[in-house]
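Structure below is final-v6.cif: mmCIF, C-alpha atoms.
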```cif
data_entry
loop_
_atom_site.label_atom_id
_atom_site.label_comp_id
_atom_site.auth_asym_id
_atom_site.auth_seq_id
_atom_site.Cartn_x
_atom_site.Cartn_y
_atom_site.Cartn_z
CA MET A 1315 5.22 41.47 -6.20
CA ASP A 1316 6.36 38.09 -5.12
CA ASN A 1317 6.85 36.77 -8.61
CA ASN A 1318 9.52 39.27 -9.46
CA GLU A 1319 12.19 37.52 -7.48
CA PRO A 1320 12.14 34.18 -9.31
CA GLN A 1321 11.86 35.92 -12.63
CA ALA A 1322 14.79 38.14 -11.88
CA ALA A 1323 16.74 35.11 -10.74
CA ARG A 1324 15.85 33.34 -13.94
CA SER A 1325 17.02 36.22 -16.11
CA GLU A 1326 20.19 36.47 -14.09
CA GLY A 1327 20.69 32.76 -14.62
CA SER A 1328 20.25 33.04 -18.36
CA GLU A 1329 22.67 35.97 -18.42
CA ALA A 1330 25.23 33.94 -16.59
CA LYS A 1331 24.68 31.04 -18.96
CA LYS A 1332 25.30 33.34 -21.91
CA GLN A 1333 28.48 34.60 -20.40
CA ARG A 1334 29.70 31.07 -19.99
CA ASP A 1335 28.64 30.12 -23.50
CA PRO A 1336 31.03 31.69 -26.04
CA ALA A 1337 28.65 30.98 -28.92
CA ALA A 1338 26.07 33.28 -27.40
CA ILE A 1339 28.23 36.40 -27.56
CA PRO A 1340 28.26 36.99 -31.33
CA GLN A 1341 24.56 36.28 -31.47
CA ALA A 1342 23.88 38.99 -28.96
CA ALA A 1343 25.78 41.52 -31.04
CA GLU A 1344 23.89 40.81 -34.27
CA PRO A 1345 20.74 42.92 -33.84
CA ALA A 1346 22.74 46.11 -33.72
CA ARG A 1347 24.29 45.26 -37.02
CA SER A 1348 21.29 43.94 -38.86
CA GLY A 1349 18.91 46.51 -37.44
CA GLU A 1350 16.37 43.97 -36.37
CA THR A 1351 14.11 44.94 -33.56
CA PRO A 1352 13.91 42.58 -30.65
CA VAL A 1353 10.63 40.87 -30.00
CA ARG A 1354 9.09 42.09 -26.80
CA PRO A 1355 6.60 39.94 -24.99
CA ALA A 1356 3.11 41.16 -24.16
CA GLY A 1357 3.86 41.75 -20.48
CA ALA A 1358 6.88 43.90 -21.19
CA ALA A 1359 4.82 47.06 -21.13
CA GLY A 1360 4.39 46.61 -17.41
CA ALA A 1361 8.07 47.21 -16.84
CA GLU A 1362 7.89 50.61 -18.37
CA THR A 1363 4.76 51.67 -16.60
CA GLY A 1364 6.11 50.49 -13.30
CA SER A 1365 3.15 48.19 -12.73
CA GLY A 1366 5.43 45.56 -11.27
CA VAL A 1367 5.18 43.08 -14.14
CA ASP A 1368 8.71 43.72 -15.29
CA ALA A 1369 9.17 40.06 -15.89
CA VAL A 1370 10.72 40.23 -19.32
CA PRO A 1371 14.07 38.51 -19.19
CA ALA A 1372 16.89 40.89 -20.00
CA HIS A 1373 18.31 38.73 -22.78
CA MET A 1374 15.09 39.10 -24.78
CA HIS A 1375 15.83 42.80 -25.35
CA ARG A 1376 19.28 42.18 -26.64
CA GLN A 1377 18.93 38.89 -28.46
CA PRO A 1378 17.35 38.90 -31.90
CA ALA A 1379 14.04 37.20 -32.34
CA ALA A 1380 15.41 35.27 -35.28
CA LYS A 1381 17.84 33.48 -33.03
CA GLN A 1382 15.16 32.28 -30.73
CA THR A 1383 12.82 29.63 -31.81
CA GLN A 1384 9.23 30.63 -32.06
CA ASP A 1385 8.24 28.09 -29.45
CA GLU A 1386 10.54 29.54 -26.83
CA THR A 1387 9.25 33.03 -27.44
CA ALA A 1388 5.67 31.92 -27.26
CA ASP A 1389 6.38 30.05 -24.03
CA GLU A 1390 7.96 33.06 -22.44
CA ARG A 1391 5.12 35.30 -23.51
CA ALA A 1392 2.62 32.87 -22.11
CA ASP A 1393 4.65 32.67 -18.89
CA VAL A 1394 4.67 36.42 -18.44
CA ALA A 1395 0.99 36.75 -19.29
CA LEU A 1396 0.11 33.93 -16.91
CA ARG A 1397 2.05 35.46 -14.05
CA HIS A 1398 0.50 38.85 -14.73
CA HIS A 1399 -3.02 37.45 -14.60
CA LEU A 1400 -2.30 35.30 -11.56
CA ASP A 1401 -1.01 38.38 -9.74
CA ALA A 1402 -4.13 40.25 -10.77
CA LEU A 1403 -6.25 37.38 -9.41
CA ASP A 1404 -4.31 37.43 -6.14
CA GLU A 1405 -5.02 41.12 -5.80
CA MET A 1406 -8.71 40.71 -6.64
CA PHE A 1407 -9.34 37.80 -4.25
CA PRO A 1408 -6.91 37.98 -1.37
CA PHE A 1409 -6.81 34.70 0.59
CA PRO A 1410 -5.70 35.24 4.17
CA THR A 1411 -3.43 32.58 5.66
CA PRO A 1412 -4.85 31.44 9.01
CA GLU A 1413 -2.87 32.16 12.16
CA PRO A 1414 -1.23 29.27 14.06
CA GLY A 1415 -3.61 29.99 16.91
CA TRP A 1416 -6.52 29.20 14.62
CA PHE A 1417 -5.09 25.72 13.95
CA ARG A 1418 -4.57 25.17 17.68
CA GLN A 1419 -8.14 26.21 18.33
CA GLN A 1420 -9.40 23.83 15.64
CA ALA A 1421 -7.38 20.97 17.14
CA ALA A 1422 -8.70 21.71 20.64
CA GLU A 1423 -12.24 21.87 19.30
CA ALA A 1424 -11.85 18.52 17.52
CA GLY A 1425 -10.45 16.95 20.71
CA ARG A 1426 -13.35 18.31 22.76
CA ARG A 1427 -15.87 16.95 20.26
CA ARG A 1428 -14.15 13.53 20.29
CA LYS A 1429 -14.28 13.40 24.07
CA GLN A 1430 -17.93 14.34 24.14
CA ARG A 1431 -18.70 11.57 21.68
CA LEU A 1432 -16.71 9.08 23.75
CA TYR A 1433 -18.65 9.97 26.93
CA ARG A 1434 -21.95 9.67 25.11
CA GLU A 1435 -21.01 6.23 23.78
CA LEU A 1436 -19.75 5.14 27.18
CA VAL A 1437 -23.11 6.00 28.73
CA LEU A 1438 -24.74 3.94 25.98
CA LEU A 1439 -22.37 1.06 26.70
CA TRP A 1440 -23.15 1.14 30.43
CA GLY A 1441 -26.86 1.19 29.63
CA ALA A 1442 -26.35 -1.83 27.40
CA ALA A 1443 -24.38 -3.46 30.26
CA LEU A 1444 -27.37 -3.13 32.61
CA LEU A 1445 -29.62 -4.69 30.00
CA ILE A 1446 -27.24 -7.57 29.25
CA TRP A 1447 -26.64 -8.31 32.94
CA ALA A 1448 -30.38 -8.34 33.59
CA VAL A 1449 -30.84 -10.88 30.79
CA LEU A 1450 -27.95 -12.98 32.07
CA TYR A 1451 -29.26 -12.85 35.66
CA VAL A 1452 -32.68 -13.98 34.56
CA ALA A 1453 -31.09 -16.75 32.52
CA ILE A 1454 -28.89 -17.94 35.38
CA THR A 1455 -31.74 -17.98 37.89
CA ARG A 1456 -34.52 -19.39 35.71
CA LYS A 1457 -32.73 -21.50 33.07
CA PRO A 1458 -29.08 -22.29 33.81
CA ALA A 1459 -28.85 -24.25 30.55
CA ALA A 1460 -29.79 -21.12 28.60
CA PHE A 1461 -27.10 -19.21 30.47
CA LEU A 1462 -24.52 -21.79 29.42
CA TRP A 1463 -25.66 -21.55 25.80
CA LEU A 1464 -25.41 -17.77 25.96
CA GLN A 1465 -21.87 -17.99 27.31
CA ALA A 1466 -20.86 -20.48 24.63
CA ALA A 1467 -22.32 -18.18 21.96
CA ALA A 1468 -20.49 -15.23 23.51
CA VAL A 1469 -17.22 -17.12 23.09
CA LEU A 1470 -17.82 -18.38 19.58
CA ALA A 1471 -19.53 -15.40 17.93
CA PRO A 1472 -16.74 -12.82 18.46
CA LEU A 1473 -14.06 -15.35 17.52
CA ILE A 1474 -15.87 -16.25 14.30
CA GLU A 1475 -16.40 -12.58 13.54
CA LEU A 1476 -12.76 -11.77 14.13
CA GLY A 1477 -11.66 -14.70 11.95
CA MET A 1478 -13.90 -13.57 9.09
CA ASN A 1479 -12.64 -10.01 9.42
CA LYS A 1480 -9.04 -11.18 9.30
CA ARG A 1481 -9.76 -13.22 6.18
CA GLU A 1482 -11.32 -10.16 4.51
CA VAL A 1483 -8.31 -8.02 5.39
CA ARG A 1484 -5.98 -10.67 3.98
CA ARG A 1485 -8.03 -10.85 0.77
CA ASP A 1486 -7.91 -7.05 0.44
CA ASP A 1487 -4.14 -7.09 0.93
CA ASN A 1488 -3.71 -9.69 -1.81
CA THR A 1489 -5.81 -7.79 -4.36
CA MET B 665 -29.82 -24.33 46.68
CA THR B 666 -27.94 -23.45 43.49
CA THR B 667 -24.47 -21.97 43.14
CA HIS B 668 -25.62 -18.44 42.32
CA ASP B 669 -27.75 -18.34 45.48
CA GLN B 670 -24.65 -18.98 47.59
CA LEU B 671 -22.82 -15.95 46.15
CA PRO B 672 -22.71 -13.08 48.64
CA LEU B 673 -23.62 -9.57 47.55
CA TRP B 674 -20.02 -8.36 47.55
CA ALA B 675 -19.14 -11.10 45.02
CA TRP B 676 -21.88 -9.93 42.70
CA ILE B 677 -20.63 -6.37 43.02
CA ALA B 678 -17.05 -7.51 42.39
CA ILE B 679 -18.10 -9.44 39.29
CA GLY B 680 -20.00 -6.41 38.03
CA ALA B 681 -17.05 -4.10 38.68
CA VAL B 682 -14.59 -6.42 36.93
CA LEU B 683 -16.85 -6.85 33.91
CA LEU B 684 -17.62 -3.13 33.74
CA GLY B 685 -13.93 -2.22 34.03
CA GLN B 686 -12.92 -4.72 31.39
CA GLY B 687 -15.68 -3.71 29.00
CA THR B 688 -14.92 0.00 29.42
CA TYR B 689 -11.18 -0.50 28.93
CA LEU B 690 -11.68 -2.61 25.80
CA PHE B 691 -14.24 -0.12 24.44
CA VAL B 692 -12.04 2.94 24.96
CA ASP B 693 -8.82 1.31 23.78
CA ALA B 694 -10.39 -0.26 20.70
CA GLN B 695 -11.97 3.07 19.80
CA ARG B 696 -8.59 4.78 20.11
CA LEU B 697 -7.07 2.19 17.77
CA GLY B 698 -10.01 2.32 15.36
CA ARG B 699 -10.98 -1.34 15.93
CA ARG B 700 -14.54 -2.61 16.32
CA TYR B 701 -14.98 -1.04 19.71
CA TRP B 702 -18.63 -1.95 20.21
CA LEU B 703 -17.79 -5.63 19.70
CA TRP B 704 -14.96 -5.52 22.24
CA GLY B 705 -16.91 -3.41 24.72
CA LEU B 706 -19.97 -5.66 24.69
CA TRP B 707 -17.92 -8.84 24.79
CA GLY B 708 -15.97 -7.44 27.72
CA LEU B 709 -19.22 -6.95 29.62
CA ILE B 710 -20.22 -10.60 29.33
CA GLN B 711 -17.12 -12.62 30.15
CA PHE B 712 -13.83 -12.46 31.95
CA PRO B 713 -10.92 -12.88 31.13
CA LEU B 714 -11.24 -14.35 27.61
CA PRO B 715 -12.09 -11.03 25.87
CA SER B 716 -9.04 -9.36 27.40
CA ILE B 717 -6.76 -12.23 26.39
CA VAL B 718 -8.06 -12.32 22.81
CA TYR B 719 -7.87 -8.52 22.60
CA LEU B 720 -4.27 -8.44 23.75
CA LEU B 721 -3.36 -11.16 21.23
CA ALA B 722 -5.46 -10.11 18.25
CA VAL B 723 -5.43 -6.31 18.48
CA ARG B 724 -2.56 -5.28 20.72
CA ARG B 725 -0.37 -8.22 19.57
CA VAL B 726 1.56 -8.31 22.80
CA TYR B 727 3.40 -11.44 21.67
CA ARG B 728 5.43 -9.31 19.26
CA SER B 729 7.08 -7.29 22.01
CA TRP B 730 7.55 -10.50 24.03
CA ARG B 731 9.25 -12.12 20.99
CA ARG B 732 11.53 -9.09 20.58
CA GLN B 733 12.65 -9.27 24.18
CA HIS B 734 13.48 -13.01 24.06
#
```

Represent the structure from my file as structure tokens, please.
Amino acid sequence: MDNNEPQAARSEGSEAKKQRDPAAIPQAAEPARSGETPVRPAGAAGAETGSGVDAVPAHMHRQPAAKQTQDETADERADVALRHHLDALDEMFPFPTPEPGWFRQQAAEAGRRRKQRLYRELVLLWGAALLIWAVLYVAITRKPAAFLWLQAAAVLAPLIELGMNKREVRRDDNT
Amino acid sequence: MTTHDQLPLWAWIAIGAVLLGQGTYLFVDAQRLGRRYWLWGLWGLIQFPLPSIVYLLAVRRVYRSWRRQH
């Protein structure tokens, strides 16, 4: 299983730490003398059965339980149990990682949909253009004054709108 | 006879082409940048060249690159 590698690395790391730490050596020798049995975590049975959950750190077999705080032991037990159950979940519900081609296909599909939307909106815009030009032509032929008012409004309205939008953005930035 | 009566057909077509080109460009570019593209597109269909000038200054901010160069 995938989790074995980090666990093995962790136990190797703790072994190395013990070797560097001179105080740890006499502690490791004590259980043989006192006859205490080491505390084995719940997931340790997996190592014997070959189920792949051999995640019990090596130092837990040699070090006496009395030397470890109860919290540490409980944490390690919980860690092993958690990994065991997560592995079981992974096996029960395998989640396939999509191929890179799938992502490319999704991107191409999104681009195609965006283009289609753009063309549809452009057709709408050109339809609106015909309508607006018809109105402007009627205004310029029948009532030139109305045409001038329309042009003045067409200058002022977008500028006012843009100014208000800018003010809103500035207010949002300040808050 | 008024001014619009004196305009030949080709001038009307040219005005239409310029307005349509400007409106389409502003619409597509503003949509790409996520700015109010309907506003720019419709404004670009009505007048020339004020919408393009305001768009270049307000959205594209061309003065920034000009300032960097000088």

Translate the PyMOL selection byres ((chain B) within 9 of (chain A)) into a concrete residue list for this structure, as a PDB file with C-alpha atoms, keeping the file's coordinate frame.
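As a result, expr_15.pdb now contains:
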```
ATOM      1  CA  THR B 666     -27.940 -23.450  43.490  1.00  0.00           C
ATOM      2  CA  HIS B 668     -25.620 -18.440  42.320  1.00  0.00           C
ATOM      3  CA  ASP B 669     -27.750 -18.340  45.480  1.00  0.00           C
ATOM      4  CA  GLY B 680     -20.000  -6.410  38.030  1.00  0.00           C
ATOM      5  CA  LEU B 684     -17.620  -3.130  33.740  1.00  0.00           C
ATOM      6  CA  GLY B 687     -15.680  -3.710  29.000  1.00  0.00           C
ATOM      7  CA  THR B 688     -14.920   0.000  29.420  1.00  0.00           C
ATOM      8  CA  PHE B 691     -14.240  -0.120  24.440  1.00  0.00           C
ATOM      9  CA  VAL B 692     -12.040   2.940  24.960  1.00  0.00           C
ATOM     10  CA  GLN B 695     -11.970   3.070  19.800  1.00  0.00           C
ATOM     11  CA  TRP B 702     -18.630  -1.950  20.210  1.00  0.00           C
ATOM     12  CA  LEU B 703     -17.790  -5.630  19.700  1.00  0.00           C
ATOM     13  CA  TRP B 704     -14.960  -5.520  22.240  1.00  0.00           C
ATOM     14  CA  GLY B 705     -16.910  -3.410  24.720  1.00  0.00           C
ATOM     15  CA  LEU B 706     -19.970  -5.660  24.690  1.00  0.00           C
ATOM     16  CA  TRP B 707     -17.920  -8.840  24.790  1.00  0.00           C
ATOM     17  CA  LEU B 709     -19.220  -6.950  29.620  1.00  0.00           C
ATOM     18  CA  ILE B 710     -20.220 -10.600  29.330  1.00  0.00           C
ATOM     19  CA  GLN B 711     -17.120 -12.620  30.150  1.00  0.00           C
ATOM     20  CA  LEU B 714     -11.240 -14.350  27.610  1.00  0.00           C
ATOM     21  CA  PRO B 715     -12.090 -11.030  25.870  1.00  0.00           C
ATOM     22  CA  VAL B 718      -8.060 -12.320  22.810  1.00  0.00           C
ATOM     23  CA  ALA B 722      -5.460 -10.110  18.250  1.00  0.00           C
TER      24      ALA B 722
END
```

Computed interatomic separation between atom CA of A:Asp1385 and atom CA of A:Arg1397 (Å):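 Straight-line distance from atom CA of A:Asp1385 to atom CA of A:Arg1397 works out to 18.2 Å.
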
Between atom CA of A:Gly1415 and atom CA of A:Arg1434, what is the distance, to one decimal in Å?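 About the pair atom CA of A:Gly1415 and atom CA of A:Arg1434: they are 28.6 Å apart.
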
Quick check, in Å to one decimal: how far apart do atom CA of B:Phe712 and atom CA of A:Ala1467 lie?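 Between atom CA of B:Phe712 and atom CA of A:Ala1467 the gap works out to 14.3 Å.
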
Residues near stretch 719-721 of chain B, cut-off 10 Å, only C-alpha atoms, skip fewer than 3 positions along chain, as a list in words: Leu690, Asp693, Ala694, Trp704, Gly708, Leu714, Pro715, Ser716, Arg724, Arg725, Val726, Tyr727 and Arg728 of chain B

Completed stretch 676-711 of chain B (N, CA and C atoms) as a PDB file, in the frame of the given file:
```pdb
ATOM      1  N   TRP B 676     -21.146 -10.430  43.856  1.00  0.00           N
ATOM      2  CA  TRP B 676     -21.880  -9.930  42.700  1.00  0.00           C
ATOM      3  C   TRP B 676     -21.360  -8.550  42.302  1.00  0.00           C
ATOM      4  N   ILE B 677     -21.136  -7.729  43.309  1.00  0.00           N
ATOM      5  CA  ILE B 677     -20.630  -6.370  43.020  1.00  0.00           C
ATOM      6  C   ILE B 677     -19.237  -6.444  42.398  1.00  0.00           C
ATOM      7  N   ALA B 678     -18.412  -7.360  42.934  1.00  0.00           N
ATOM      8  CA  ALA B 678     -17.050  -7.510  42.390  1.00  0.00           C
ATOM      9  C   ALA B 678     -17.092  -7.982  40.947  1.00  0.00           C
ATOM     10  N   ILE B 679     -17.974  -8.945  40.675  1.00  0.00           N
ATOM     11  CA  ILE B 679     -18.100  -9.440  39.290  1.00  0.00           C
ATOM     12  C   ILE B 679     -18.534  -8.306  38.354  1.00  0.00           C
ATOM     13  N   GLY B 680     -19.517  -7.540  38.833  1.00  0.00           N
ATOM     14  CA  GLY B 680     -20.000  -6.410  38.030  1.00  0.00           C
ATOM     15  C   GLY B 680     -18.895  -5.391  37.778  1.00  0.00           C
ATOM     16  N   ALA B 681     -18.120  -5.096  38.829  1.00  0.00           N
ATOM     17  CA  ALA B 681     -17.050  -4.100  38.680  1.00  0.00           C
ATOM     18  C   ALA B 681     -15.976  -4.584  37.707  1.00  0.00           C
ATOM     19  N   VAL B 682     -15.624  -5.866  37.824  1.00  0.00           N
ATOM     20  CA  VAL B 682     -14.590  -6.420  36.930  1.00  0.00           C
ATOM     21  C   VAL B 682     -15.071  -6.379  35.476  1.00  0.00           C
ATOM     22  N   LEU B 683     -16.317  -6.829  35.279  1.00  0.00           N
ATOM     23  CA  LEU B 683     -16.850  -6.850  33.910  1.00  0.00           C
ATOM     24  C   LEU B 683     -16.983  -5.428  33.343  1.00  0.00           C
ATOM     25  N   LEU B 684     -17.445  -4.522  34.205  1.00  0.00           N
ATOM     26  CA  LEU B 684     -17.620  -3.130  33.740  1.00  0.00           C
ATOM     27  C   LEU B 684     -16.254  -2.503  33.415  1.00  0.00           C
ATOM     28  N   GLY B 685     -15.274  -2.761  34.284  1.00  0.00           N
ATOM     29  CA  GLY B 685     -13.930  -2.220  34.030  1.00  0.00           C
ATOM     30  C   GLY B 685     -13.328  -2.782  32.760  1.00  0.00           C
ATOM     31  N   GLN B 686     -13.471  -4.086  32.589  1.00  0.00           N
ATOM     32  CA  GLN B 686     -12.920  -4.720  31.390  1.00  0.00           C
ATOM     33  C   GLN B 686     -13.602  -4.214  30.128  1.00  0.00           C
ATOM     34  N   GLY B 687     -14.936  -4.170  30.167  1.00  0.00           N
ATOM     35  CA  GLY B 687     -15.680  -3.710  29.000  1.00  0.00           C
ATOM     36  C   GLY B 687     -15.345  -2.267  28.648  1.00  0.00           C
ATOM     37  N   THR B 688     -15.234  -1.418  29.673  1.00  0.00           N
ATOM     38  CA  THR B 688     -14.920   0.000  29.420  1.00  0.00           C
ATOM     39  C   THR B 688     -13.517   0.147  28.842  1.00  0.00           C
ATOM     40  N   TYR B 689     -12.563  -0.595  29.437  1.00  0.00           N
ATOM     41  CA  TYR B 689     -11.180  -0.500  28.930  1.00  0.00           C
ATOM     42  C   TYR B 689     -11.112  -0.949  27.468  1.00  0.00           C
ATOM     43  N   LEU B 690     -11.737  -2.096  27.174  1.00  0.00           N
ATOM     44  CA  LEU B 690     -11.680  -2.610  25.800  1.00  0.00           C
ATOM     45  C   LEU B 690     -12.371  -1.633  24.835  1.00  0.00           C
ATOM     46  N   PHE B 691     -13.479  -1.063  25.281  1.00  0.00           N
ATOM     47  CA  PHE B 691     -14.240  -0.120  24.440  1.00  0.00           C
ATOM     48  C   PHE B 691     -13.387   1.112  24.110  1.00  0.00           C
ATOM     49  N   VAL B 692     -12.804   1.703  25.151  1.00  0.00           N
ATOM     50  CA  VAL B 692     -12.040   2.940  24.960  1.00  0.00           C
ATOM     51  C   VAL B 692     -10.770   2.673  24.135  1.00  0.00           C
ATOM     52  N   ASP B 693     -10.081   1.593  24.473  1.00  0.00           N
ATOM     53  CA  ASP B 693      -8.820   1.310  23.780  1.00  0.00           C
ATOM     54  C   ASP B 693      -9.070   0.932  22.317  1.00  0.00           C
ATOM     55  N   ALA B 694     -10.084   0.133  22.082  1.00  0.00           N
ATOM     56  CA  ALA B 694     -10.390  -0.260  20.700  1.00  0.00           C
ATOM     57  C   ALA B 694     -10.843   0.937  19.884  1.00  0.00           C
ATOM     58  N   GLN B 695     -11.556   1.865  20.537  1.00  0.00           N
ATOM     59  CA  GLN B 695     -11.970   3.070  19.800  1.00  0.00           C
ATOM     60  C   GLN B 695     -10.770   3.921  19.434  1.00  0.00           C
ATOM     61  N   ARG B 696      -9.813   4.001  20.370  1.00  0.00           N
ATOM     62  CA  ARG B 696      -8.590   4.780  20.110  1.00  0.00           C
ATOM     63  C   ARG B 696      -7.814   4.188  18.934  1.00  0.00           C
ATOM     64  N   LEU B 697      -7.824   2.847  18.839  1.00  0.00           N
ATOM     65  CA  LEU B 697      -7.070   2.190  17.770  1.00  0.00           C
ATOM     66  C   LEU B 697      -7.896   2.022  16.496  1.00  0.00           C
ATOM     67  N   GLY B 698      -9.165   2.437  16.546  1.00  0.00           N
ATOM     68  CA  GLY B 698     -10.010   2.320  15.360  1.00  0.00           C
ATOM     69  C   GLY B 698     -10.430   0.896  15.078  1.00  0.00           C
ATOM     70  N   ARG B 699     -10.511   0.051  16.107  1.00  0.00           N
ATOM     71  CA  ARG B 699     -10.980  -1.340  15.930  1.00  0.00           C
ATOM     72  C   ARG B 699     -12.413  -1.435  16.428  1.00  0.00           C
ATOM     73  N   ARG B 700     -13.112  -2.426  16.008  1.00  0.00           N
ATOM     74  CA  ARG B 700     -14.540  -2.610  16.320  1.00  0.00           C
ATOM     75  C   ARG B 700     -14.804  -2.479  17.810  1.00  0.00           C
ATOM     76  N   TYR B 701     -14.939  -1.250  18.266  1.00  0.00           N
ATOM     77  CA  TYR B 701     -14.980  -1.040  19.710  1.00  0.00           C
ATOM     78  C   TYR B 701     -16.272  -1.489  20.377  1.00  0.00           C
ATOM     79  N   TRP B 702     -17.380  -1.465  19.632  1.00  0.00           N
ATOM     80  CA  TRP B 702     -18.630  -1.950  20.210  1.00  0.00           C
ATOM     81  C   TRP B 702     -18.558  -3.455  20.451  1.00  0.00           C
ATOM     82  N   LEU B 703     -17.957  -4.169  19.516  1.00  0.00           N
ATOM     83  CA  LEU B 703     -17.790  -5.630  19.700  1.00  0.00           C
ATOM     84  C   LEU B 703     -16.985  -5.919  20.949  1.00  0.00           C
ATOM     85  N   TRP B 704     -15.841  -5.249  21.091  1.00  0.00           N
ATOM     86  CA  TRP B 704     -14.960  -5.520  22.240  1.00  0.00           C
ATOM     87  C   TRP B 704     -15.604  -5.074  23.536  1.00  0.00           C
ATOM     88  N   GLY B 705     -16.270  -3.921  23.496  1.00  0.00           N
ATOM     89  CA  GLY B 705     -16.910  -3.410  24.720  1.00  0.00           C
ATOM     90  C   GLY B 705     -18.004  -4.341  25.201  1.00  0.00           C
ATOM     91  N   LEU B 706     -18.856  -4.783  24.286  1.00  0.00           N
ATOM     92  CA  LEU B 706     -19.970  -5.660  24.690  1.00  0.00           C
ATOM     93  C   LEU B 706     -19.464  -7.030  25.118  1.00  0.00           C
ATOM     94  N   TRP B 707     -18.476  -7.532  24.404  1.00  0.00           N
ATOM     95  CA  TRP B 707     -17.920  -8.840  24.790  1.00  0.00           C
ATOM     96  C   TRP B 707     -17.281  -8.747  26.173  1.00  0.00           C
ATOM     97  N   GLY B 708     -16.610  -7.631  26.425  1.00  0.00           N
ATOM     98  CA  GLY B 708     -15.970  -7.440  27.720  1.00  0.00           C
ATOM     99  C   GLY B 708     -16.945  -7.332  28.874  1.00  0.00           C
ATOM    100  N   LEU B 709     -18.207  -7.047  28.559  1.00  0.00           N
ATOM    101  CA  LEU B 709     -19.220  -6.950  29.620  1.00  0.00           C
ATOM    102  C   LEU B 709     -19.801  -8.311  29.981  1.00  0.00           C
ATOM    103  N   ILE B 710     -19.550  -9.302  29.137  1.00  0.00           N
ATOM    104  CA  ILE B 710     -20.220 -10.600  29.330  1.00  0.00           C
ATOM    105  C   ILE B 710     -19.315 -11.612  30.025  1.00  0.00           C
ATOM    106  N   GLN B 711     -18.020 -11.573  29.652  1.00  0.00           N
ATOM    107  CA  GLN B 711     -17.120 -12.620  30.150  1.00  0.00           C
ATOM    108  C   GLN B 711     -15.836 -12.023  30.698  1.00  0.00           C
TER     109      GLN B 711
END
```
